[in-house]
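Here the structure comes first, spelled out in structure tokens, and everything after it is commentary.
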Amino acid sequence: MIEPHAPAPPGAPPSWTGPARLPVRPGTGRFLVLVCVFVCAACGLVYELELVAFASYLIGDSVTQASVVLSVMVFAMGIGSLGAKRLRWHAAAGFGAIETVLALIGGCSAMALYAVFAWTGGWGGMWAEGPRCLLVAFSLAIGLLIGAEVPLLMELIQRIRHQDAGGAVADLFAADYVGALVGGLAFPFLLLPFLGQLTGALLTGTVNVVAGGALVLGLFRRDLTRRARWTLLLGGLLVLGVLASAAVLAGDFERAARHAVYGKDVRVAEQTDVQEVVLAGGTDGKPLDLFLDGRLRVGGRDERLYHEALVHPALSGGPHAHVLILGGGDGLAAREVLRRPGVRRLDIVELDAGLVRLARHDPGLAAVNGHAYDDPRVHTTTADALGWLRQARGRTYDVVIADLPDPGITASTKLYSQEFYGLARRVLAPGGRLVVHAGSVTTRPGVFWTVAATLRAAGLAGSPYRVLGHDSGFPAGPDRSAGTSGPPHDWGFLLAAPGATPPSLRLGPWHPRTLTQAELTADGRAARRTRIGGLPASTLVHPRY
């Protein structure tokens with residue numbers, strides 16, 4: 001039911017003097033406004049997700065970054081809605097200006113964040129906080145502009161055909177929520193895999209400014225003065241020019257930024273279905289560095305230190321005919337396993353098929369892993385390690401090697417949980433051993449001993465040890481902010497077995513290239529000296545890292 005116009009309060013300027021003079025029928029005009037609401041909502045959610053994704057990649061700790069972005073943005077949306085009340089009397093011009101500015105800020109936000117991180121994040125001091133400060137600033141600005149959209153769109157739709165407030169709000173929010181759904185699905189399934197974060201954000205900004213400009217200049221142009229029309233038109237064209245120029249230069253910009261972050265020896269940079277994989281060096285005698293989502297996973301100078309310490313103490317403790325590697329898609333742990341006589345079968349469960357493909361075919365990485373994937377004893381499964389263990393009925397292994405991301409990274413927390421270790425224990429043969437990389441003993445002892453407490457809660461007794469490595473100057477753990485580390489860099493491990501008696505640390509007759517029995521014993525004593533007692537176990541519903 002269409003109600004008559006309510007009288008305005010005394011002294012208040014009228015929101016309209018009559019129905020808008022539209023170039024189309026009112027029903028068509030109302031439909032076009034709702035389409036614009038749909039498009040703007042989709043663009044707004046893409047901006048939010050793009051900030052969350054970039055913050056998680058550049059800074060780390062996805063839960064914290066998502067909480068910061070979303071809470072700041074929702075707060076700013078409320079402030080923007082209040083501020084939009086001052087623009088109600090010039091709703092068409094105000095909405096056009098807001099969409100133009102929003103398209104510019106949202107479209108360029110990813111590129112600006114990456115630029116600040118790449119060229120100033122490694123300076124240390126106050127510059128190290130630059131990406132975090134810029135993240136909050138973008139969240140605040142985008143939230144203010146998104147919040148101002150709905151009140152102005154409400155005014156515009158009422159200009160077309162006045163209806164009861166409840167019906168108008170229902171129509172607007174229905175279009176808004178459906179648009180948010182489309183934007184939320186488009187970001188991970190279309191924009192990110194096919195265009196990447198930079199070009200995806202720029203395209204979103206382009207759609208945003210076109211939709212806003214078309215609505216105002218096409219449908220409500222008679223509500224604008226000649227000066228306002230030309231100002232909005234030129235402003236929109238200028239923003240389109242900036243976004244188009246940035247899109248053309250995005251490839252060169254990304255390569256330059258990547259070199260600023262990883263160095264000049266980058267050979268491969270690939271966004272797989274799971275993560276960004278970057279390979280630097282590995283040819284012409286240069287050591288190979290492997291970065292996963294911006295964190296150093298394999299350092300060419302000391303990867304053998306890590307992988308020999310991870311693999312050989314576990315294989316030396318008893319039978320090792322059947323071995324399971326959880327993670328380790330780079331093939332380097334497999335290389336060490338296959339060096340040992342007596343290994344009959346090696347199963348690798350890796351989530352990232354793209355990393356496995358590179359480990360098979362990239363000349364640098366395949367040479368470093370000794371072409372492990374060409375060995376007929378190796379069997380690879382692309383799956384999540386936790387999900388695979390749940391389905392692993394009737395399979396038993398003499399040794400299980402958990403070569404997984406650092407426990408402090410949010411995405412890998414479940415792989416260091418009591419439930420995960422309980423499932424791993426279930427696939428161990430009698431006398432079997434489980435070895436876990438548990439982060440740095442020196443820099444993060446709380447995390448390391450939380451892993452030990454979690455193993456105990458799952459019925460596994462662990463022997464701690466560590467091995468010292470080189471300080472790469474690049475973050476290898478969960479903290480994505482570049483900077484130099486103070487204490488010596490090390491890797492901490494826990495060799496565990498079912499029961500109350502931890503397995504002994506020994507190498508037996510096997511002699512790795514970088515580790516001796518005396519060093520292993522000393523490394524075990526050094527790790528035990530850092531013991532922190534009384535820590536609770538980490539579970540799926542209550543992660544402790």
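The way I read the labels, and the way they are meant: chains A, B, ... in the order of the structure tokens, residue 1 as the first residue of every chain, and ligand 1 as the first ligand shown, with later ones counted on from there.
Omitting range 405-421 of chain A and its sequence neighbours fewer than 6 positions away, and counting only C-alpha atoms, the residues within 7 Å are Asp61, Ser62, Val63, Leu386, Ala438, Gly439, Val451, Thr454, Leu455, Ala457, Ala458, Gly477, Pro478, Ala537, Ser538, Thr539, Leu540, Pro543 and Tyr545 of chain A.
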Just-selected residues, N, CA, C and O atoms written as a PDB file, in the first residue's frame:
ATOM      1  N   ASP A  61      48.508 -14.431  11.120  1.00  0.00           N
ATOM      2  CA  ASP A  61      47.462 -14.601  12.124  1.00  0.00           C
ATOM      3  C   ASP A  61      46.114 -14.175  11.551  1.00  0.00           C
ATOM      4  O   ASP A  61      45.589 -13.109  11.855  1.00  0.00           O
ATOM      5  N   SER A  62      45.524 -15.027  10.730  1.00  0.00           N
ATOM      6  CA  SER A  62      44.322 -14.657   9.992  1.00  0.00           C
ATOM      7  C   SER A  62      43.150 -14.326  10.899  1.00  0.00           C
ATOM      8  O   SER A  62      42.316 -13.482  10.560  1.00  0.00           O
ATOM      9  N   VAL A  63      43.039 -14.979  12.056  1.00  0.00           N
ATOM     10  CA  VAL A  63      41.926 -14.690  12.953  1.00  0.00           C
ATOM     11  C   VAL A  63      41.997 -13.253  13.450  1.00  0.00           C
ATOM     12  O   VAL A  63      41.013 -12.510  13.432  1.00  0.00           O
ATOM     13  N   LEU A 386      44.392 -34.048   8.313  1.00  0.00           N
ATOM     14  CA  LEU A 386      43.443 -34.454   9.348  1.00  0.00           C
ATOM     15  C   LEU A 386      42.318 -35.298   8.749  1.00  0.00           C
ATOM     16  O   LEU A 386      41.960 -36.358   9.285  1.00  0.00           O
ATOM     17  N   ALA A 438      57.848 -28.675  15.791  1.00  0.00           N
ATOM     18  CA  ALA A 438      57.025 -27.934  16.753  1.00  0.00           C
ATOM     19  C   ALA A 438      57.431 -26.476  16.901  1.00  0.00           C
ATOM     20  O   ALA A 438      57.143 -25.858  17.923  1.00  0.00           O
ATOM     21  N   GLY A 439      58.093 -25.910  15.914  1.00  0.00           N
ATOM     22  CA  GLY A 439      58.461 -24.501  15.997  1.00  0.00           C
ATOM     23  C   GLY A 439      59.787 -24.298  16.697  1.00  0.00           C
ATOM     24  O   GLY A 439      60.483 -25.244  17.069  1.00  0.00           O
ATOM     25  N   VAL A 451      52.890 -28.022  22.277  1.00  0.00           N
ATOM     26  CA  VAL A 451      52.840 -29.195  21.406  1.00  0.00           C
ATOM     27  C   VAL A 451      53.171 -30.449  22.205  1.00  0.00           C
ATOM     28  O   VAL A 451      52.517 -31.497  22.061  1.00  0.00           O
ATOM     29  N   THR A 454      50.248 -31.398  24.278  1.00  0.00           N
ATOM     30  CA  THR A 454      49.180 -31.940  23.439  1.00  0.00           C
ATOM     31  C   THR A 454      49.469 -33.379  23.049  1.00  0.00           C
ATOM     32  O   THR A 454      48.569 -34.231  23.017  1.00  0.00           O
ATOM     33  N   LEU A 455      50.721 -33.697  22.775  1.00  0.00           N
ATOM     34  CA  LEU A 455      51.097 -35.082  22.488  1.00  0.00           C
ATOM     35  C   LEU A 455      50.814 -35.978  23.698  1.00  0.00           C
ATOM     36  O   LEU A 455      50.286 -37.088  23.543  1.00  0.00           O
ATOM     37  N   ALA A 457      48.593 -35.512  26.006  1.00  0.00           N
ATOM     38  CA  ALA A 457      47.144 -35.668  26.148  1.00  0.00           C
ATOM     39  C   ALA A 457      46.589 -36.694  25.164  1.00  0.00           C
ATOM     40  O   ALA A 457      45.547 -37.297  25.421  1.00  0.00           O
ATOM     41  N   ALA A 458      47.276 -36.894  24.037  1.00  0.00           N
ATOM     42  CA  ALA A 458      46.839 -37.876  23.037  1.00  0.00           C
ATOM     43  C   ALA A 458      47.428 -39.254  23.298  1.00  0.00           C
ATOM     44  O   ALA A 458      47.261 -40.157  22.469  1.00  0.00           O
ATOM     45  N   GLY A 477      58.349 -18.243  10.642  1.00  0.00           N
ATOM     46  CA  GLY A 477      57.258 -18.652  11.502  1.00  0.00           C
ATOM     47  C   GLY A 477      55.976 -17.930  11.177  1.00  0.00           C
ATOM     48  O   GLY A 477      55.778 -17.443  10.072  1.00  0.00           O
ATOM     49  N   PRO A 478      55.086 -17.805  12.152  1.00  0.00           N
ATOM     50  CA  PRO A 478      53.774 -17.219  11.884  1.00  0.00           C
ATOM     51  C   PRO A 478      53.789 -15.712  11.731  1.00  0.00           C
ATOM     52  O   PRO A 478      52.866 -15.152  11.167  1.00  0.00           O
ATOM     53  N   ALA A 537      46.658 -28.761  26.924  1.00  0.00           N
ATOM     54  CA  ALA A 537      46.707 -29.271  25.555  1.00  0.00           C
ATOM     55  C   ALA A 537      45.879 -28.385  24.635  1.00  0.00           C
ATOM     56  O   ALA A 537      44.937 -27.709  25.052  1.00  0.00           O
ATOM     57  N   SER A 538      46.242 -28.390  23.352  1.00  0.00           N
ATOM     58  CA  SER A 538      45.494 -27.659  22.337  1.00  0.00           C
ATOM     59  C   SER A 538      44.503 -28.608  21.673  1.00  0.00           C
ATOM     60  O   SER A 538      44.858 -29.737  21.311  1.00  0.00           O
ATOM     61  N   THR A 539      43.274 -28.166  21.521  1.00  0.00           N
ATOM     62  CA  THR A 539      42.240 -28.987  20.897  1.00  0.00           C
ATOM     63  C   THR A 539      41.621 -28.217  19.738  1.00  0.00           C
ATOM     64  O   THR A 539      41.869 -27.021  19.553  1.00  0.00           O
ATOM     65  N   LEU A 540      40.781 -28.900  18.980  1.00  0.00           N
ATOM     66  CA  LEU A 540      40.133 -28.249  17.850  1.00  0.00           C
ATOM     67  C   LEU A 540      39.234 -27.102  18.299  1.00  0.00           C
ATOM     68  O   LEU A 540      39.164 -26.058  17.638  1.00  0.00           O
ATOM     69  N   PRO A 543      42.021 -23.978  20.543  1.00  0.00           N
ATOM     70  CA  PRO A 543      43.431 -23.928  20.136  1.00  0.00           C
ATOM     71  C   PRO A 543      44.248 -23.060  21.079  1.00  0.00           C
ATOM     72  O   PRO A 543      43.790 -22.010  21.536  1.00  0.00           O
ATOM     73  N   TYR A 545      47.650 -22.116  20.406  1.00  0.00           N
ATOM     74  CA  TYR A 545      48.860 -21.548  19.815  1.00  0.00           C
ATOM     75  C   TYR A 545      48.652 -20.087  19.475  1.00  0.00           C
ATOM     76  O   TYR A 545      47.661 -19.736  18.852  1.00  0.00           O
TER      77      TYR A 545
END
**Item:** Those of range 255-491 of chain A in DSSP helix (DSSP H, G or I), formatted as a PyMOL selection string
**Value:** chain A and resi 255-262+303-315+332-339+353-361+363-368+372-374+385-391+410-416+418-426+445-457
For the residues selected in the previous step, produce a file with C-alpha atoms as a tab-separated table (two decimals), in the first residue's frame.
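Now in out.tsv:
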chain	number	residue	atom	x	y	z
A	255	ARG	CA	57.12	-8.48	-10.22
A	256	ALA	CA	58.93	-5.44	-8.82
A	257	ALA	CA	57.27	-5.83	-5.42
A	258	ARG	CA	58.05	-9.55	-5.37
A	259	HIS	CA	61.71	-8.83	-6.05
A	260	ALA	CA	61.69	-6.24	-3.28
A	261	VAL	CA	60.36	-8.87	-0.85
A	262	TYR	CA	62.12	-12.05	-1.98
A	303	GLU	CA	67.39	-27.11	4.52
A	304	ARG	CA	69.49	-30.24	4.95
A	305	LEU	CA	69.99	-29.43	8.64
A	306	TYR	CA	66.24	-29.28	9.11
A	307	HIS	CA	65.25	-32.34	7.10
A	308	GLU	CA	67.97	-34.64	8.41
A	309	ALA	CA	67.07	-33.70	11.98
A	310	LEU	CA	63.38	-34.25	11.23
A	311	VAL	CA	63.73	-37.65	9.55
A	312	HIS	CA	66.71	-39.66	10.74
A	313	PRO	CA	66.19	-39.83	14.53
A	314	ALA	CA	62.68	-41.17	13.86
A	315	LEU	CA	63.87	-43.78	11.34
A	332	LEU	CA	62.78	-32.89	0.75
A	333	ALA	CA	61.72	-35.03	3.71
A	334	ALA	CA	60.99	-37.81	1.19
A	335	ARG	CA	64.54	-37.49	-0.12
A	336	GLU	CA	65.92	-38.24	3.35
A	337	VAL	CA	63.53	-41.14	3.90
A	338	LEU	CA	64.47	-42.75	0.60
A	339	ARG	CA	68.17	-42.56	1.48
A	353	ALA	CA	48.77	-30.48	-5.59
A	354	GLY	CA	50.46	-27.46	-7.18
A	355	LEU	CA	53.42	-27.73	-4.80
A	356	VAL	CA	53.75	-31.44	-5.58
A	357	ARG	CA	53.71	-30.67	-9.30
A	358	LEU	CA	56.52	-28.15	-8.86
A	359	ALA	CA	58.48	-30.62	-6.76
A	360	ARG	CA	58.19	-33.12	-9.62
A	361	HIS	CA	58.91	-30.88	-12.57
A	363	PRO	CA	64.38	-28.31	-12.34
A	364	GLY	CA	65.68	-26.51	-9.26
A	365	LEU	CA	63.33	-28.04	-6.70
A	366	ALA	CA	63.44	-31.52	-8.28
A	367	ALA	CA	67.24	-31.47	-8.18
A	368	VAL	CA	67.27	-30.49	-4.50
A	372	ALA	CA	62.11	-38.22	-4.98
A	373	TYR	CA	58.77	-38.39	-6.75
A	374	ASP	CA	60.26	-40.55	-9.50
A	385	ALA	CA	46.10	-34.46	6.62
A	386	LEU	CA	43.44	-34.45	9.35
A	387	GLY	CA	40.70	-35.61	7.00
A	388	TRP	CA	42.93	-38.29	5.50
A	389	LEU	CA	43.82	-39.69	8.93
A	390	ARG	CA	40.13	-39.96	9.80
A	391	GLN	CA	39.61	-42.19	6.76
A	410	THR	CA	46.09	-20.18	12.26
A	411	ALA	CA	45.40	-22.42	9.28
A	412	SER	CA	47.64	-25.18	10.69
A	413	THR	CA	46.41	-25.06	14.31
A	414	LYS	CA	44.21	-28.13	13.79
A	415	LEU	CA	47.28	-30.08	12.68
A	416	TYR	CA	48.80	-29.60	16.14
A	418	GLN	CA	45.01	-33.40	20.49
A	419	GLU	CA	42.51	-34.82	18.01
A	420	PHE	CA	45.09	-34.81	15.22
A	421	TYR	CA	47.69	-36.62	17.31
A	422	GLY	CA	45.08	-39.13	18.44
A	423	LEU	CA	44.37	-39.97	14.81
A	424	ALA	CA	48.09	-40.17	14.04
A	425	ARG	CA	48.58	-42.55	16.95
A	426	ARG	CA	45.87	-44.79	15.50
A	445	PRO	CA	59.19	-22.04	23.94
A	446	GLY	CA	55.55	-21.69	25.03
A	447	VAL	CA	54.34	-22.94	21.66
A	448	PHE	CA	56.90	-25.76	21.60
A	449	TRP	CA	55.95	-27.10	25.02
A	450	THR	CA	52.26	-26.73	24.25
A	451	VAL	CA	52.84	-29.19	21.41
A	452	ALA	CA	54.54	-31.52	23.90
A	453	ALA	CA	51.58	-31.22	26.30
A	454	THR	CA	49.18	-31.94	23.44
A	455	LEU	CA	51.10	-35.08	22.49
A	456	ARG	CA	50.88	-36.30	26.09
A	457	ALA	CA	47.14	-35.67	26.15
**Request:** Using DSSP on the backbone, list every residue of range 402-508 of chain A that comes out as strand (DSSP E or B), and give them as a PyMOL selection string.
**Result:** chain A and resi 402-403+428-437+460-468+490-498
**Request:** Find the residues around range 38-47 of chain A up to 7 Å (only C-alpha atoms counted), leave out those fewer than 5 positions away in its own chain, and share them as a list in words.
**Result:** Gly106, Ile146, Ala175, Asp176, Val178, Gly179, Ala180, Val182, Gly183, Gly184, Phe187, Thr204 and Asn208 of chain A
Identify, on the basis of only C-alpha atoms, every residue whose closest approach to range 88-94 of chain A does not exceed 6 Å; exclude the query and any residue fewer than 3 positions from it along the same chain; express the result as a PDB file with N, CA and C atoms, in the first residue's frame.
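Final output, saved to result-v9.pdb:
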ATOM      1  N   SER A  15      13.036  16.437   1.677  1.00  0.00           N
ATOM      2  CA  SER A  15      13.917  15.492   1.003  1.00  0.00           C
ATOM      3  C   SER A  15      13.604  15.419  -0.476  1.00  0.00           C
ATOM      4  N   LYS A  85      23.199  11.303   6.733  1.00  0.00           N
ATOM      5  CA  LYS A  85      21.985  12.083   6.930  1.00  0.00           C
ATOM      6  C   LYS A  85      22.141  13.517   6.428  1.00  0.00           C
ATOM      7  N   ALA A  97      29.184  10.810  -5.704  1.00  0.00           N
ATOM      8  CA  ALA A  97      30.514  11.148  -5.188  1.00  0.00           C
ATOM      9  C   ALA A  97      31.067  10.027  -4.307  1.00  0.00           C
ATOM     10  N   LEU A 152      21.411   6.850   1.490  1.00  0.00           N
ATOM     11  CA  LEU A 152      21.224   7.626   0.266  1.00  0.00           C
ATOM     12  C   LEU A 152      20.422   6.835  -0.767  1.00  0.00           C
ATOM     13  N   VAL A 216      23.321   7.380 -11.227  1.00  0.00           N
ATOM     14  CA  VAL A 216      23.115   8.806 -10.943  1.00  0.00           C
ATOM     15  C   VAL A 216      23.007   9.614 -12.224  1.00  0.00           C
TER      16      VAL A 216
END
**Request:** Please identify all polymer residues within 7 Å of range 319-327 of chain A, counting only C-alpha atoms, omitting same-chain residues fewer than 2 positions from it, and present them as a list in words.
**Result:**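 Counting only C-alpha atoms, the residues come to Leu315, Gly329, Gly342, Val343, Arg344, Arg345, Leu346, Asp347, Ile348, Val349, Glu350, Ala385, Tyr397, Asp398, Val399, Val400, Ile401, Ala402, Asp403 and Leu404 of chain A.
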Taking all heavy atoms for each residue, export the selection above as a compact mmCIF listing (two decimals), in the first residue's frame.
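Saved the output as result14.txt:
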# COMPACT_ATOMS: atom_id res chain seq x y z
N LEU A 315 63.64 -42.53 12.05
CA LEU A 315 63.87 -43.78 11.34
C LEU A 315 64.87 -44.68 12.04
O LEU A 315 64.87 -45.90 11.82
CB LEU A 315 64.36 -43.48 9.91
CG LEU A 315 63.26 -43.39 8.84
CD1 LEU A 315 62.30 -42.25 9.11
CD2 LEU A 315 63.88 -43.25 7.45
N GLY A 329 55.19 -31.61 0.86
CA GLY A 329 54.99 -31.70 -0.58
C GLY A 329 56.20 -31.30 -1.40
O GLY A 329 56.27 -31.62 -2.59
N GLY A 342 66.00 -50.23 3.63
CA GLY A 342 64.92 -50.89 4.34
C GLY A 342 63.56 -50.25 4.15
O GLY A 342 62.55 -50.81 4.58
N VAL A 343 63.49 -49.09 3.52
CA VAL A 343 62.20 -48.43 3.27
C VAL A 343 61.54 -49.10 2.07
O VAL A 343 62.10 -49.13 0.97
CB VAL A 343 62.39 -46.92 3.01
CG1 VAL A 343 61.05 -46.28 2.63
CG2 VAL A 343 62.97 -46.24 4.24
N ARG A 344 60.36 -49.63 2.30
CA ARG A 344 59.65 -50.34 1.23
C ARG A 344 58.53 -49.51 0.61
O ARG A 344 58.21 -49.66 -0.57
CB ARG A 344 59.08 -51.65 1.77
CG ARG A 344 60.15 -52.65 2.17
CD ARG A 344 59.57 -53.81 2.96
NE ARG A 344 58.43 -54.41 2.28
CZ ARG A 344 57.60 -55.27 2.87
NH1 ARG A 344 57.79 -55.62 4.13
NH2 ARG A 344 56.58 -55.78 2.19
N ARG A 345 57.91 -48.66 1.41
CA ARG A 345 56.81 -47.85 0.89
C ARG A 345 56.81 -46.51 1.63
O ARG A 345 56.97 -46.45 2.86
CB ARG A 345 55.46 -48.54 1.08
CG ARG A 345 54.28 -47.71 0.56
CD ARG A 345 52.94 -48.38 0.86
NE ARG A 345 51.83 -47.53 0.43
CZ ARG A 345 51.16 -47.69 -0.70
NH1 ARG A 345 51.47 -48.69 -1.53
NH2 ARG A 345 50.15 -46.89 -1.02
N LEU A 346 56.61 -45.44 0.87
CA LEU A 346 56.51 -44.10 1.43
C LEU A 346 55.24 -43.44 0.92
O LEU A 346 55.09 -43.25 -0.28
CB LEU A 346 57.74 -43.26 1.05
CG LEU A 346 57.68 -41.77 1.41
CD1 LEU A 346 57.49 -41.56 2.90
CD2 LEU A 346 58.92 -41.04 0.91
N ASP A 347 54.33 -43.14 1.82
CA ASP A 347 53.10 -42.41 1.47
C ASP A 347 53.25 -40.95 1.87
O ASP A 347 53.69 -40.64 2.98
CB ASP A 347 51.89 -43.02 2.20
CG ASP A 347 51.49 -44.37 1.64
OD1 ASP A 347 51.92 -44.68 0.51
OD2 ASP A 347 50.77 -45.11 2.33
N ILE A 348 52.88 -40.06 0.95
CA ILE A 348 52.91 -38.62 1.21
C ILE A 348 51.49 -38.09 1.07
O ILE A 348 50.85 -38.30 0.04
CB ILE A 348 53.85 -37.89 0.23
CG1 ILE A 348 55.28 -38.44 0.34
CG2 ILE A 348 53.83 -36.38 0.49
CD1 ILE A 348 56.24 -37.84 -0.68
N VAL A 349 51.01 -37.42 2.11
CA VAL A 349 49.69 -36.79 2.09
C VAL A 349 49.91 -35.28 2.11
O VAL A 349 50.32 -34.72 3.13
CB VAL A 349 48.84 -37.24 3.30
CG1 VAL A 349 47.49 -36.54 3.27
CG2 VAL A 349 48.66 -38.75 3.29
N GLU A 350 49.67 -34.64 0.99
CA GLU A 350 49.93 -33.21 0.82
C GLU A 350 48.67 -32.52 0.31
O GLU A 350 48.04 -33.01 -0.64
CB GLU A 350 51.09 -32.99 -0.14
CG GLU A 350 51.28 -31.56 -0.63
CD GLU A 350 51.56 -30.58 0.48
OE1 GLU A 350 52.45 -30.85 1.33
OE2 GLU A 350 50.88 -29.52 0.52
N ALA A 385 45.52 -33.41 5.79
CA ALA A 385 46.10 -34.46 6.62
C ALA A 385 45.12 -34.95 7.68
O ALA A 385 45.01 -36.17 7.93
CB ALA A 385 47.38 -33.94 7.29
N TYR A 397 51.76 -47.66 10.00
CA TYR A 397 53.07 -47.20 9.56
C TYR A 397 54.07 -47.32 10.71
O TYR A 397 53.73 -47.10 11.88
CB TYR A 397 52.99 -45.74 9.10
CG TYR A 397 52.11 -45.55 7.88
CD1 TYR A 397 50.76 -45.26 8.04
CD2 TYR A 397 52.62 -45.68 6.60
CE1 TYR A 397 49.94 -45.09 6.94
CE2 TYR A 397 51.80 -45.52 5.49
CZ TYR A 397 50.46 -45.22 5.67
OH TYR A 397 49.65 -45.07 4.58
N ASP A 398 55.29 -47.63 10.34
CA ASP A 398 56.35 -47.70 11.34
C ASP A 398 56.77 -46.31 11.80
O ASP A 398 57.12 -46.12 12.96
CB ASP A 398 57.57 -48.43 10.76
CG ASP A 398 57.25 -49.84 10.33
OD1 ASP A 398 56.66 -50.58 11.14
OD2 ASP A 398 57.56 -50.20 9.17
N VAL A 399 56.73 -45.36 10.88
CA VAL A 399 57.13 -43.98 11.19
C VAL A 399 56.14 -43.03 10.53
O VAL A 399 55.81 -43.20 9.34
CB VAL A 399 58.56 -43.66 10.69
CG1 VAL A 399 58.92 -42.21 11.01
CG2 VAL A 399 59.57 -44.62 11.32
N VAL A 400 55.66 -42.04 11.29
CA VAL A 400 54.84 -40.96 10.76
C VAL A 400 55.61 -39.66 10.97
O VAL A 400 56.01 -39.34 12.09
CB VAL A 400 53.47 -40.88 11.46
CG1 VAL A 400 52.68 -39.67 10.96
CG2 VAL A 400 52.68 -42.16 11.23
N ILE A 401 55.82 -38.92 9.89
CA ILE A 401 56.58 -37.68 9.93
C ILE A 401 55.63 -36.53 9.63
O ILE A 401 55.04 -36.47 8.55
CB ILE A 401 57.72 -37.71 8.89
CG1 ILE A 401 58.69 -38.85 9.18
CG2 ILE A 401 58.46 -36.37 8.86
CD1 ILE A 401 59.70 -39.10 8.08
N ALA A 402 55.45 -35.64 10.61
CA ALA A 402 54.56 -34.48 10.44
C ALA A 402 55.41 -33.29 10.01
O ALA A 402 55.95 -32.55 10.85
CB ALA A 402 53.82 -34.19 11.73
N ASP A 403 55.57 -33.11 8.71
CA ASP A 403 56.35 -32.00 8.15
C ASP A 403 55.37 -30.91 7.73
O ASP A 403 55.08 -30.73 6.55
CB ASP A 403 57.17 -32.50 6.96
CG ASP A 403 58.12 -31.45 6.43
OD1 ASP A 403 58.37 -30.46 7.14
OD2 ASP A 403 58.59 -31.62 5.29
N LEU A 404 54.85 -30.19 8.71
CA LEU A 404 53.71 -29.29 8.52
C LEU A 404 54.11 -27.85 8.78
O LEU A 404 55.16 -27.58 9.37
CB LEU A 404 52.57 -29.71 9.46
CG LEU A 404 52.05 -31.14 9.23
CD1 LEU A 404 51.19 -31.59 10.40
CD2 LEU A 404 51.28 -31.21 7.93
